Each structure stands twice: as C-alpha cells, then as structure tokens.
Amino acid sequence: MSADAISPDDSFFDIGGHSIIAQTMLLKVRKQWRTTNLPMTAVFQSPTLRGFAAEIDRATDPLGLRMDVAGNVEPAVGQDEDYSADAQELANQLPKSFTAANVDGSDKQTVFLTGATGFLGAYILADLLSRPSTAKVIAHVRATDSNAGLARIEDTCKAYGTWDPSWRSRVECVTGDLASPRLGLKPDVWDRLTNEVDIVIHNGAVVHWVRPYSFMRAANVLSTVAAVNLCATGKPKRIGFVSSTAVLDTEHYVQLSDRIEADGGRGIPESDDLEGSRKGLGTGYGQSKWASEFILREAGKRGLKGAMIRPGYVTGDPRSGSKSYTSLPLLSAS
Ligand SMILES: NC(=O)c1ccc[n+]([C@@H]2O[C@H](COP(=O)([O-])OP(=O)(O)OC[C@H]3O[C@@H](n4cnc5c(N)ncnc54)[C@H](OP(=O)(O)O)[C@@H]3O)[C@@H](O)[C@H]2O)c1
C-alpha cells in the first residue's frame with residue numbers, strides 16, 4: 001500500500017500492521033525524534049495515523065508549549081485502565097456462597113478444561129488424562145461442532161507429540177467462546193455441565209502483551225466470572241485457575257522480593273493478596289489476570305475451593321523440545 005493511500009483515520013491494524021511492524025515503526029520514530037521513547041502500547045491505544053501523530057507530538061512536547069501542535073493533540077487514552085475497580089464491581093455480583101466440594105480422593109473426577117488447543121492446555125490435558133483419578137475431560141473449544149473441536153485438540157496434541165488415541169473415549173468437546181456469556185455454551189450444555197463437572201480448570205485466555213485491558217476483559221475476566229458461576233450451580237465443584245506472574249509486575253513486588261531474599265527467604269508468599277499491584281500493572285494482560293485473581297479470591301472467601309497457578313515461562317519440553325513445558329513455581333490456594 002502506498003503512503004498516499006493511507007488516510008489519517010485508517011487504523012494501523014486494519015491496513016496490515018502487526019506487532020513486529022510496530023516495533024520497526026517505533027524504532028524509526030525514535031531515530032527521527034530522538035527525545036521520544038514511545039511504548040508499544042501507544043500504537044494500540046492510538047492506532048490511526050492522526051492519533052499516533054498526536055502521541056509523537058505529546059512525547060516531543062510533554063508540557064504542551066508548542067503552539068503548532070496544540071490543536072492536533074488528542075486527549076491521552078488512559079494507560080492504566082481501572083482494572084481493580086472493574087474487578088471489585090464484578091466480584092460484588094458473585095453468588096453469596098458456594099457449597100464446598102467434598103474430595104476424598106476415591107471418586108473419579110470429571111474435569112472441565114478451557115484452552116485445551118493452546119500451548120499449555122495440550123500439556124494440562126495430557127497430565128489430566130495420565131491420572132487414574134480423571135474419569136473424563138470435557139474440553140471447551142472454539143469450533144463449529146464437537147467433532148471439529150476434538151479434531152482441533154487431536155491436531156494440537158499431535159503437534160506437541162502428546163496425543164494418545166486411547167484418549168478419544170475420555171475426551172469430550174463442547175463448543176463455545178470464552179468472550180461470550182456463559183462461555184458461549186448452549187444453555188442445555190451449560191445445565192448439563194453444572195451437574196456433571198467436579199473440577200473446572202480455567203486455562204484458556206487471550207495471551208497478548210500489548211493489547212489493553214478492555215480488549216481482553218471479556219475473554220479473560222468475564223470468562224473467569226462465568227467459570228466461577230459454573231462452580232456455584234448444581235454439583236459442588238473446585239476450580240483451578242491458570243494465572244500469570246504478570247500479576248506481580250510492579251515496583252512493589254520487585255522491592256518486596258528483594259527484601260525477602262535479603263532476609264534469606266524466597267519468592268512472594270502465597271498468602272499475598274496482590275494489593276501491591278492493585279494499581280500500576282503496565283499490561284492489559286497482567287491487569288486481566290489480576291482482575292481474575294481478585295474475583296477468585298473473593299469467591300474463595302465465599303466458600304469456593306481451588307487453586308491459582310502462576311506459571312513461569314512456557315518454553316520447550318525438556319524431553320522433546322516441543323513447546324510447551326512450564327514450571328509452576330507458585331501455587332496459591334483459596
Ligand atoms: N505462554 C506463557 O508463557 C504463559 C505464561 C504464564 C501464564 N500463561 C497462561 O497460561 C494459559 C495458557 O497460555 P498459552 O501460552 O497456552 O496460550 P495459547 O497457546 O495462546 O492458548 C490459549 C488458549 O485459550 C483459547 N482461547 C483464547 N481465546 C478464546 C476464546 N475467546 N474462546 C475460547 N478459547 C479461547 C485458545 O483457543 P484457540 O486455539 O481457539 O485460539 C487456546 O486454546 C493462559 O491462561 C496464559 O495466561 C502463559
């Protein structure tokens with residue numbers, strides 16, 4: 001596309017831009033205007049040529065003294081969306097109480113798993129199905145129907161070398177979309193799951209380091225509310241939530257972990273309530289995980305049992321080299 005064909009209000013992403021081109025563009029901007037250091041989020045928050053030009057103007061003239069740019073500058077979009085207030089509001093709407101699930105270890109469990117077609121999900125699925133205590137895994141998948149969903153799971157697991165044909169009788173797919181109400185499940189499927197499932201493992205999420213909170217809110221945060229509501233209805237259930245160490249990405253936790261290490265300890269305690277990152281998380285992704293954890297902690301106070309897991313880096317499997325393998329350094333139960 002020639003430069004002349006781009007209008008001031010075209011979105012960078014609609015005309016083929018993506019995060020790698022954005023990196024190159026930011027580098028060029030920095031070379032051209034040496035005092036600027038625009039973050040990647042500026043491209044997502046102001047994706048039009050007009051909006052992005054205003055970002056450059058703001059960066060080169062932070063006090064707003066230049067008369068020639070004053071008329072062009074659009075108000076800055078909030079860098080730090082109020083994720084904690086949103087989480088509080090959503091938590092206020094949670095069921096008042098949850099019946100604790102009795103676990104004596106002898107019963108076989110039916111597990112509902114989201115995100116089984118992802119890097120980590122394929123390994124969670126393999127782990128679950130290797131356990132004699134798992135009767136069946138019901139996987140939530142984006143697909144046209146359950147057969148197509150199962151085919152997607154099979155393809156993913158084959159790609160990672162984890163697929164075992166014997167799983168076919170122990171894996172059921174239900175189709176949905178995390179960003180839709182009740183996870184996009186059909187009403188009869190939702191009702192059946194409320195009475196059939198023993199454990200919900202909410203692993204699926206939009207994993208994106210530059211998109212804002214508002215972009216991920218439905219798929220990452222509202223889906224957590226839906227997963228909690230699934231636990232509140234019908235058979236008592238436990239929940240496992242796959243979070244991220246991105247919830248600790250504030251100066252407070254850097255300093256806290258330094259102090260803990262200086263005292264001979266290791267890591268942020270599981271009992272920490274994440275108040276140290278109620279404000280100041282820089283990524284929409286980390287914010288969406290913070291909001292989800294907050295909601296789950298509130299549900300925990302009302303009786304829901306489960307665990308939150310914050311994986312470290314998801315990298316190659318130590319045996320096969322194929323993605324993904326993860327160490328799970330932090331487990332906080334509520
Ligand atoms: N990757 C890491 O380094 C890392 C580190 C810490 C924590 N985590 C957490 O681990 C979990 C899994 O991450 P991953 O690396 O495996 O990510 P991934 O490969 O991108 O997988 C994400 C999964 O979520 C599903 N998903 C996303 N949006 C959905 C929607 N609207 N409706 C239905 N399903 C949707 C995807 O389905 P499709 O296949 O249909 O897209 C996919 O199965 C996430 O909760 C993430 O936050 C990851």
# chains A, B, ... in the order shown; residues from 1 in each chain; ligands from 1
call {"tool": "residues_near_ligand", "arguments": {"ligand": "ligand 1", "cutoff": "6 Å", "atoms": "only C-alpha atoms and all ligand atoms", "output": "number ranges by chain"}}
result
A: 115-121, 141-142, 177-179, 203-207, 219, 242-244, 311-314
call {"tool": "residues_around", "arguments": {"residues": "A:Asp198", "least_positions_apart": "5", "cutoff": "9 Å", "atoms": "only C-alpha atoms", "output": "short mmCIF file (atom, residue, chain, number, x, y, z; two decimals) with C-alpha atoms, in the first residue's frame"}}
result
data_model
loop_
_atom_site.label_atom_id
_atom_site.label_comp_id
_atom_site.auth_asym_id
_atom_site.auth_seq_id
_atom_site.Cartn_x
_atom_site.Cartn_y
_atom_site.Cartn_z
CA ALA A 101 -16.86 -29.79 47.21
CA GLN A 109 -13.39 -36.79 38.60
CA THR A 110 -14.91 -35.15 35.55
CA VAL A 111 -12.81 -32.12 34.63
CA PHE A 112 -13.92 -29.17 32.54
CA CYS A 231 -18.97 -23.76 40.09
CA LYS A 235 -22.91 -30.15 41.84
CA PRO A 236 -20.30 -28.56 44.18
CA LYS A 237 -17.05 -28.04 42.30
CA ARG A 238 -13.44 -26.98 42.78
CA ILE A 239 -11.66 -24.60 40.47
#
call {"tool": "residues_around", "arguments": {"residues": "A:His252", "least_positions_apart": "5", "cutoff": "9 Å", "atoms": "only C-alpha atoms", "output": "NGL selection string"}}
result
:A and (257 or 276-277)
call {"tool": "write_last_selection", "arguments": {"atoms": "C-alpha atoms", "output": "PDB file, in the first residue's frame"}}
result
ATOM      1  CA  SER A 257      11.103  -9.914  46.713  1.00  0.00           C
ATOM      2  CA  GLY A 276       0.699  -4.332  45.824  1.00  0.00           C
ATOM      3  CA  SER A 277      -0.415  -4.452  42.193  1.00  0.00           C
TER       4      SER A 277
END
call {"tool": "select_by_dssp", "arguments": {"residues": "stretch 173-204 of chain A", "states": "strand (DSSP E)", "output": "PyMOL selection string"}}
result
chain A and resi 173-175+199-202
call {"tool": "write_last_selection", "arguments": {"atoms": "C-alpha atoms", "output": "PDB file, in the first residue's frame"}}
result
ATOM      1  CA  CYS A 173     -15.549 -31.383  23.347  1.00  0.00           C
ATOM      2  CA  VAL A 174     -18.085 -28.679  23.917  1.00  0.00           C
ATOM      3  CA  THR A 175     -18.004 -25.642  21.681  1.00  0.00           C
ATOM      4  CA  ILE A 199     -13.370 -29.663  38.686  1.00  0.00           C
ATOM      5  CA  VAL A 200     -13.138 -26.595  36.461  1.00  0.00           C
ATOM      6  CA  ILE A 201      -9.673 -25.753  35.128  1.00  0.00           C
ATOM      7  CA  HIS A 202      -9.784 -22.326  33.556  1.00  0.00           C
TER       8      HIS A 202
END
call {"tool": "closest_residue", "arguments": {"among": "A:Gly240, A:Gly51, A:Pro269, A:Pro8", "to": "A:Thr114", "atoms": "only C-alpha atoms"}}
result
A:Gly240
call {"tool": "residues_around", "arguments": {"residues": "A:Ile6", "least_positions_apart": "4", "cutoff": "9 Å", "atoms": "only C-alpha atoms", "output": "ChimeraX atom specification"}}
result
/A:1-2,10,15,49
call {"tool": "write_last_selection", "arguments": {"atoms": "N, CA, C and O atoms", "output": "JSON list (two decimals), in the first residue's frame"}}
result
[["chain", "number", "residue", "atom", "x", "y", "z"],
["A", 1, "MET", "N", 0.86, -1.20, 0.00],
["A", 1, "MET", "CA", 0.00, 0.00, 0.00],
["A", 1, "MET", "C", 0.89, 1.25, 0.00],
["A", 1, "MET", "O", 1.84, 1.32, 0.80],
["A", 2, "SER", "N", 0.60, 2.20, -0.92],
["A", 2, "SER", "CA", 1.44, 3.40, -0.95],
["A", 2, "SER", "C", 1.03, 4.35, 0.18],
["A", 2, "SER", "O", -0.13, 4.34, 0.63],
["A", 10, "ASP", "N", -7.23, 5.86, 9.06],
["A", 10, "ASP", "CA", -7.07, 4.41, 8.88],
["A", 10, "ASP", "C", -6.38, 3.84, 10.11],
["A", 10, "ASP", "O", -5.44, 4.43, 10.65],
["A", 15, "ILE", "N", -4.86, -1.98, 8.11],
["A", 15, "ILE", "CA", -4.16, -1.94, 6.81],
["A", 15, "ILE", "C", -2.93, -2.85, 6.84],
["A", 15, "ILE", "O", -1.98, -2.67, 6.09],
["A", 49, "LEU", "N", -3.28, 7.07, 12.03],
["A", 49, "LEU", "CA", -2.14, 7.95, 11.73],
["A", 49, "LEU", "C", -2.29, 9.26, 12.52],
["A", 49, "LEU", "O", -1.34, 9.75, 13.13]]
call {"tool": "select_by_dssp", "arguments": {"residues": "stretch 18-251 of chain A", "states": "helix (DSSP H, G or I)", "output": "PyMOL selection string"}}
result
chain A and resi 19-32+40-45+49-60+67-70+83-92+119-130+146-160+165-169+181-184+187-196+213-232+245-248+251
call {"tool": "closest_residue", "arguments": {"among": "A:Ala299, A:Ala307, A:Ala246, A:Ile21", "to": "A:Gly280", "atoms": "only C-alpha atoms"}}
result
A:Ala246
call {"tool": "closest_residue", "arguments": {"among": "A:Asp249, A:Asp164, A:Glu298, A:Glu275", "to": "A:Asn92", "atoms": "only C-alpha atoms"}}
result
A:Glu298
call {"tool": "closest_residue", "arguments": {"among": "A:Arg319, A:Arg266, A:Arg297, A:Arg170", "to": "A:Ala135", "atoms": "only C-alpha atoms"}}
result
A:Arg170
call {"tool": "closest_residue", "arguments": {"among": "A:Tyr83, A:Phe241, A:Tyr253, A:Tyr160", "to": "A:Lys279", "atoms": "only C-alpha atoms"}}
result
A:Tyr83
call {"tool": "atom_distance", "arguments": {"atom1": "atom CA of A:Glu251", "atom2": "atom CA of A:Leu274"}}
result
12.4 Å
call {"tool": "residues_around", "arguments": {"residues": "A:Ala226", "least_positions_apart": "5", "cutoff": "8 Å", "atoms": "only C-alpha atoms", "output": "PDB file with N, CA and C atoms, in the first residue's frame"}}
result
ATOM      1  N   PRO A 181     -21.229 -14.632  26.951  1.00  0.00           N
ATOM      2  CA  PRO A 181     -21.864 -15.003  28.227  1.00  0.00           C
ATOM      3  C   PRO A 181     -21.912 -16.517  28.382  1.00  0.00           C
ATOM      4  N   ARG A 182     -21.743 -16.977  29.622  1.00  0.00           N
ATOM      5  CA  ARG A 182     -21.718 -18.415  29.945  1.00  0.00           C
ATOM      6  C   ARG A 182     -20.746 -19.181  29.047  1.00  0.00           C
ATOM      7  N   LEU A 183     -19.639 -18.536  28.723  1.00  0.00           N
ATOM      8  CA  LEU A 183     -18.560 -19.139  27.925  1.00  0.00           C
ATOM      9  C   LEU A 183     -19.030 -19.538  26.524  1.00  0.00           C
TER      10      LEU A 183
END
call {"tool": "residues_around", "arguments": {"residues": "A:Met216", "least_positions_apart": "5", "cutoff": "12 Å", "atoms": "only C-alpha atoms", "output": "list in words"}}
result
Glu81, Tyr83, Leu178, Ala179, Gly204, Ala205, Val206, Val207, His208, Trp209, Val210, Arg211, Val221, Leu222, Ser223, Thr224, Thr283, Gly284, Tyr285, Gly286, Gln287, Ser288, Lys289, Ala291 and Ser292 of chain A
call {"tool": "atom_distance", "arguments": {"atom1": "atom CA of A:Gly282", "atom2": "atom CA of A:Val254"}}
result
14.0 Å
call {"tool": "residues_around", "arguments": {"residues": "A:Gln93", "least_positions_apart": "4", "cutoff": "10 Å", "atoms": "only C-alpha atoms", "output": "list in words"}}
result
Gln88, Glu89, Val225 and Ile295 of chain A
call {"tool": "atom_distance", "arguments": {"atom1": "atom CA of A:Arg58", "atom2": "atom CA of A:Leu38"}}
result
9.9 Å
call {"tool": "closest_residue", "arguments": {"among": "A:Lys136, A:Arg192, A:Asp272, A:Ala143", "to": "A:Glu172", "atoms": "only C-alpha atoms"}}
result
A:Lys136
